[in-house]
Each structure stands twice: as C-alpha cells, then as structure tokens.
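Colleague: File target_2.cif below, mmCIF, C-alpha atoms:
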data_my_file
loop_
_atom_site.label_atom_id
_atom_site.label_comp_id
_atom_site.auth_asym_id
_atom_site.auth_seq_id
_atom_site.Cartn_x
_atom_site.Cartn_y
_atom_site.Cartn_z
CA GLN A 1 -8.10 -40.50 -8.49
CA ASP A 2 -5.12 -38.40 -7.29
CA SER A 3 -2.87 -37.17 -10.09
CA GLY A 4 -0.18 -36.14 -7.62
CA VAL A 5 -0.36 -32.54 -8.89
CA ARG A 6 -0.94 -30.03 -6.13
CA SER A 7 -1.90 -26.41 -6.42
CA PRO A 8 0.39 -24.00 -4.57
CA HIS A 9 -2.43 -23.62 -2.04
CA SER A 10 -3.04 -27.28 -1.33
CA ASN A 11 -2.38 -28.55 2.14
CA PRO A 12 -0.45 -31.78 2.73
CA GLY A 13 -3.69 -33.67 3.40
CA GLY A 14 -4.82 -33.03 -0.16
CA SER A 15 -7.74 -30.66 0.44
CA SER A 16 -7.40 -27.24 -1.14
CA LEU A 17 -8.40 -23.86 0.24
CA PRO A 18 -9.38 -21.03 -2.09
CA ALA A 19 -6.32 -18.94 -2.95
CA HIS A 20 -7.62 -15.80 -1.21
CA VAL A 21 -8.25 -17.73 2.01
CA GLN A 22 -4.80 -19.35 1.94
CA ARG A 23 -3.16 -15.98 1.19
CA ARG A 24 -4.97 -14.44 4.16
CA LEU A 25 -3.82 -17.25 6.44
CA ASP A 26 -0.27 -16.97 5.13
CA GLY A 27 -0.37 -13.20 5.64
CA GLN A 28 -1.55 -13.49 9.21
CA ARG A 29 1.35 -15.78 9.94
CA SER A 30 3.84 -13.48 8.19
CA MET A 31 2.80 -10.24 9.88
CA MET A 32 5.06 -10.95 12.84
CA GLN A 33 7.85 -12.44 10.75
CA ASP A 34 10.96 -10.33 10.35
CA ASP A 35 11.48 -10.27 6.60
CA ASN A 36 14.57 -8.05 6.94
CA VAL A 37 13.22 -5.34 4.60
CA THR A 38 13.99 -2.74 7.24
CA GLU A 39 15.99 -2.42 10.44
CA VAL A 40 12.88 -1.33 12.37
CA PRO A 41 11.74 -4.14 14.73
CA VAL A 42 8.49 -5.80 13.61
CA HIS A 43 6.54 -4.67 16.71
CA GLU A 44 7.42 -1.00 15.95
CA ARG A 45 6.57 -0.99 12.22
CA THR A 46 3.74 1.19 11.00
CA THR A 47 4.13 1.27 7.20
CA VAL A 48 2.59 -1.48 5.09
CA MET A 49 2.53 -2.08 1.39
CA MET A 50 -0.86 -2.99 -0.04
CA ARG A 51 -0.25 -5.22 -3.06
CA ASN A 52 -2.44 -6.46 -5.89
CA LEU A 53 -4.75 -3.45 -5.90
CA PRO A 54 -6.99 -2.94 -8.93
CA ASN A 55 -5.13 -0.88 -11.54
CA ASN A 56 -8.19 1.31 -12.10
CA TYR A 57 -8.11 2.47 -8.46
CA THR A 58 -7.34 6.11 -7.74
CA ARG A 59 -5.97 7.59 -4.54
CA GLU A 60 -9.45 8.91 -3.75
CA MET A 61 -10.95 5.42 -4.14
CA LEU A 62 -8.26 3.99 -1.88
CA LEU A 63 -8.97 6.63 0.78
CA THR A 64 -12.71 6.01 0.54
CA MET A 65 -12.16 2.27 0.96
CA LEU A 66 -9.89 2.76 3.98
CA ASP A 67 -12.36 5.14 5.61
CA GLN A 68 -15.34 2.85 4.93
CA GLU A 69 -13.46 0.01 6.64
CA GLY A 70 -13.04 2.14 9.78
CA PHE A 71 -9.56 3.63 9.32
CA LEU A 72 -10.43 7.32 9.08
CA GLY A 73 -7.86 9.08 11.27
CA GLN A 74 -5.77 5.90 11.58
CA TYR A 75 -3.34 6.67 8.73
CA ASP A 76 -1.11 9.69 8.19
CA PHE A 77 0.60 8.89 4.87
CA ILE A 78 -0.76 7.37 1.65
CA TYR A 79 0.95 6.92 -1.69
CA LEU A 80 -0.59 5.08 -4.64
CA PRO A 81 2.04 5.16 -7.41
CA ILE A 82 0.68 5.88 -10.89
CA ASP A 83 2.12 5.01 -14.30
CA PHE A 84 2.41 8.44 -15.92
CA LYS A 85 2.12 6.94 -19.40
CA THR A 86 -1.10 4.96 -18.88
CA HIS A 87 -2.47 7.06 -15.99
CA ALA A 88 -3.31 3.82 -14.17
CA SER A 89 -2.22 2.72 -10.74
CA VAL A 90 0.69 0.29 -10.71
CA GLY A 91 -1.23 -1.99 -8.34
CA TYR A 92 0.27 -1.24 -4.94
CA ALA A 93 0.18 1.48 -2.30
CA PHE A 94 2.12 2.55 0.77
CA VAL A 95 0.08 3.26 3.88
CA ASN A 96 1.54 4.49 7.17
CA LEU A 97 -0.70 3.90 10.15
CA ILE A 98 -0.55 6.04 13.27
CA SER A 99 0.32 3.16 15.60
CA ALA A 100 1.54 -0.40 15.61
CA GLU A 101 -1.82 -1.37 17.15
CA ALA A 102 -3.67 0.04 14.13
CA VAL A 103 -1.40 -2.06 11.89
CA SER A 104 -2.69 -5.29 13.42
CA ARG A 105 -6.32 -4.37 12.74
CA PHE A 106 -5.43 -3.09 9.26
CA TRP A 107 -3.59 -6.33 8.44
CA ASN A 108 -6.55 -8.43 9.59
CA ILE A 109 -8.95 -6.53 7.34
CA PHE A 110 -6.89 -5.90 4.20
CA ASP A 111 -4.74 -9.01 3.86
CA GLY A 112 -7.01 -11.10 1.63
CA TYR A 113 -9.34 -8.14 0.94
CA CYS A 114 -11.55 -8.29 -2.15
CA LYS A 115 -14.54 -5.97 -1.44
CA TRP A 116 -13.41 -3.36 -3.98
CA LEU A 117 -15.40 -0.25 -4.85
CA LEU A 118 -15.22 -1.35 -8.52
CA PRO A 119 -15.61 -4.89 -9.86
CA SER A 120 -12.30 -6.77 -9.68
CA ARG A 121 -11.15 -10.34 -9.09
CA LYS A 122 -7.93 -9.17 -7.43
CA VAL A 123 -7.18 -10.14 -3.85
CA CYS A 124 -5.09 -7.73 -1.82
CA PHE A 125 -2.17 -8.93 0.21
CA LEU A 126 0.05 -7.00 2.57
CA SER A 127 3.75 -6.86 3.21
CA TRP A 128 6.03 -4.67 5.25
CA CYS A 129 7.38 -1.59 3.55
CA GLY A 130 11.14 -1.34 3.45
CA PRO A 131 13.63 0.07 3.79
CA HIS A 132 11.55 3.15 4.73
CA GLN A 133 9.32 2.80 7.80
CA GLY A 134 7.22 5.44 9.52
CA PHE A 135 5.76 8.83 8.73
CA ALA A 136 8.99 10.87 8.91
CA ALA A 137 10.91 8.42 6.72
CA HIS A 138 8.26 8.60 3.99
CA VAL A 139 7.95 12.37 4.09
CA ASP A 140 11.76 12.61 3.80
CA ARG A 141 11.75 10.02 0.99
CA TYR A 142 9.15 11.82 -1.14
CA ARG A 143 9.44 15.54 -0.42
CA ASN A 144 12.27 15.99 -2.98
CA SER A 145 11.09 13.22 -5.30
CA PRO A 146 10.22 13.90 -8.96
CA VAL A 147 6.64 12.84 -8.12
CA MET A 148 6.36 16.11 -6.15
CA HIS A 149 7.27 18.24 -9.20
CA PRO A 150 4.64 20.93 -9.94
CA SER A 151 3.90 19.31 -13.34
CA VAL A 152 2.57 16.15 -11.61
CA ARG A 153 -1.17 16.10 -10.98
CA ASP A 154 -2.06 16.29 -7.29
CA GLU A 155 -3.92 12.96 -7.29
CA TYR A 156 -0.69 11.20 -8.37
CA LYS A 157 1.28 12.52 -5.40
CA PRO A 158 1.70 11.13 -1.88
CA ALA A 159 -0.66 12.68 0.66
CA ILE A 160 -0.33 13.23 4.40
CA PHE A 161 -3.03 13.53 7.04
CA LYS A 162 -3.51 14.80 10.57
CA ASP A 163 -6.50 13.45 12.53
CA GLY A 164 -8.12 12.25 9.31
CA VAL A 165 -7.78 15.58 7.47
CA ARG A 166 -5.39 16.06 4.59
CA VAL A 167 -2.63 18.57 5.28
CA LYS A 168 -0.08 20.24 3.04
CA PHE A 169 3.00 18.15 2.26
CA PRO A 170 6.21 19.83 3.52
CA ALA A 171 7.95 21.93 0.89
CA PRO A 172 10.89 20.31 -0.87
CA ALA A 173 14.36 21.09 0.46
CA LYS A 174 15.55 21.27 -3.16
CA LYS A 175 13.81 21.68 -6.49
CA PRO A 176 12.40 18.30 -7.60
CA ARG A 177 13.39 17.04 -11.05
CA VAL A 178 10.74 16.58 -13.74
CA PRO A 179 9.63 12.93 -13.60
CA LYS A 180 10.66 10.63 -16.43
CA VAL A 181 7.86 8.92 -18.29
CA ARG A 182 9.06 5.42 -19.13
CA GLY A 183 8.71 4.27 -22.70
CA THR A 184 8.65 7.74 -24.25
CA ASP A 185 12.38 8.19 -24.86
#
With the file now loaded, output its structure as structure tokens.
Modeller:
Amino acid sequence: QDSGVRSPHSNPGGSSLPAHVQRRLDGQRSMMQDDNVTEVPVHERTTVMMRNLPNNYTREMLLTMLDQEGFLGQYDFIYLPIDFKTHASVGYAFVNLISAEAVSRFWNIFDGYCKWLLPSRKVCFLSWCGPHQGFAAHVDRYRNSPVMHPSVRDEYKPAIFKDGVRVKFPAPAKKPRVPKVRGTD
C-alpha cells in the first residue's frame, strides 16, 4: 500500500535507490554542470571540495586515502580545515588536482565514497570549489591566512606537493594574524 510519501531519493516510478548510490548518480550528472561558484569554465577546473568527510579524519589520513586510491602525484594542494577548539576536522577538504583529466577520475572514485580508513557511515560527495580555482589561486588565498601563523600546528595547515612529494609552502607576503578560536571569547 503506497502512502504517497517519497524519500528524497525515490524515483518517479516508486522504487528507491540507497542514498549513497543516488548521491553518486547525482554527482556524476553535476560534475559538468556550471554551478557558477567560479568564473573558471567547468572543463578547466581542477579544485574540488570533498564534503561529508569523517570528522575524526586528519590530513595524513586523507593523504593516505588519496594515495591508496591511486592519486599519488595527481594532486598538488590539500587543505583539511580543522576546528581549533575541538581539534577535529570540520568535515570537508579542498583538493587541487594537477589536470582536468585527473578531476574526472577523482570525481568517479570519491563522489559517493565510503571506504574510510576508520569506521564511519558518512558518504562523501564532491562539489566544485569556488570562487578560488587552481593551484596558484589557493596558494595566494592561504599564504597570508591566519591558518599559516607559526602558532598553528603543521598538520592543520594547507600542504602543497610536487610530483607526489610535499614541498615547503611559499612564505607569507605579510605577517599572518593569530587565528581566532571560535567560542572562546
């Protein structure tokens, strides 16, 4: 007996796909959509936002996961923002891939991803990063950011890579401010 109530993942015919499968299908359709988050044309974009990551993930865990899935040397910028008060990830990360071609493969693997290194029921989904797109834009965005202040632990900072090896982040053009810890004022 049909109650007329549909889950957000039901199709018009009434059958329902698991949420992670529907999200993956939706993501594959949206990869080429221009969501207007940046002026960079879709086919030239290289920076994605990984959303719904486990909050107990660290940057090192994220890097290990990316490398295990075959992306060693395919990314040149990673930033997993951390809540300085709880010392937990905020659940998303910015990843810049070295080419638009690598983005397609990355999107196919990580949109709908749930093979975490630690137990979690979360399902990753991807979106385009905006307004910043590309390696240079992210280095410029973060090099003078409070997150680069010397008081911030290294594992909380963005990291850059060349041929799969971490390299030193460019020095700030001006002295970064001390980051504010929300909820402590």
Colleague: What's around A:Ser120 at 9 Å? Count only C-alpha atoms, leave out sequence neighbours fewer than 5 positions away in its own chain, and write the answer as a ChimeraX atom specification.
Modeller: /A:54,114-115
Colleague: Which of these, A:Ile109, A:Met148, A:Met61, A:Leu53, has the shortest distance to A:Tyr92 once you count all atoms listed in the file?
Modeller: A:Leu53
Colleague: Within 8 Å of (3.8, 4.8, 2.8) in the file's own coordinates, which protein, DNA or RNA residues have an atom, counting only C-alpha atoms? List them as a list in words.
Modeller: Thr47, Val48, Met49, Phe77, Ile78, Tyr79, Ala93, Phe94, Val95, Asn96, Cys129, Gln133, Gly134, Phe135 and His138 of chain A
Colleague: Quick one: residues within 12 Å of A:Arg51, all atoms listed in the file counted, chain neighbours fewer than 4 positions away excluded, as a ChimeraX atom specification?
Modeller: /A:23,27,55,80-81,89-95,110-114,122-129
Colleague: Identify which of the residues A:Val167, A:Leu97, A:Ile160, A:Val178 lies closest to A:Asn144, counting only C-alpha atoms when measuring atom-to-atom distances.
Modeller: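 Using only C-alpha atoms, the shortest distance to A:Asn144 belongs to A:Val178.
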Colleague: Write out as a ChimeraX atom specification which residues come within 9 Å of A:Leu117 when counting all atoms listed in the file, dropping same-chain ones fewer than 4 positions away.
Modeller: /A:57,61-62,64-65
Colleague: How far is it from atom CA of A:Ala171 to atom CA of A:Arg59, in Å with one decimal?
Modeller: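 Distance reported for this atom pair: 20.7 Å.
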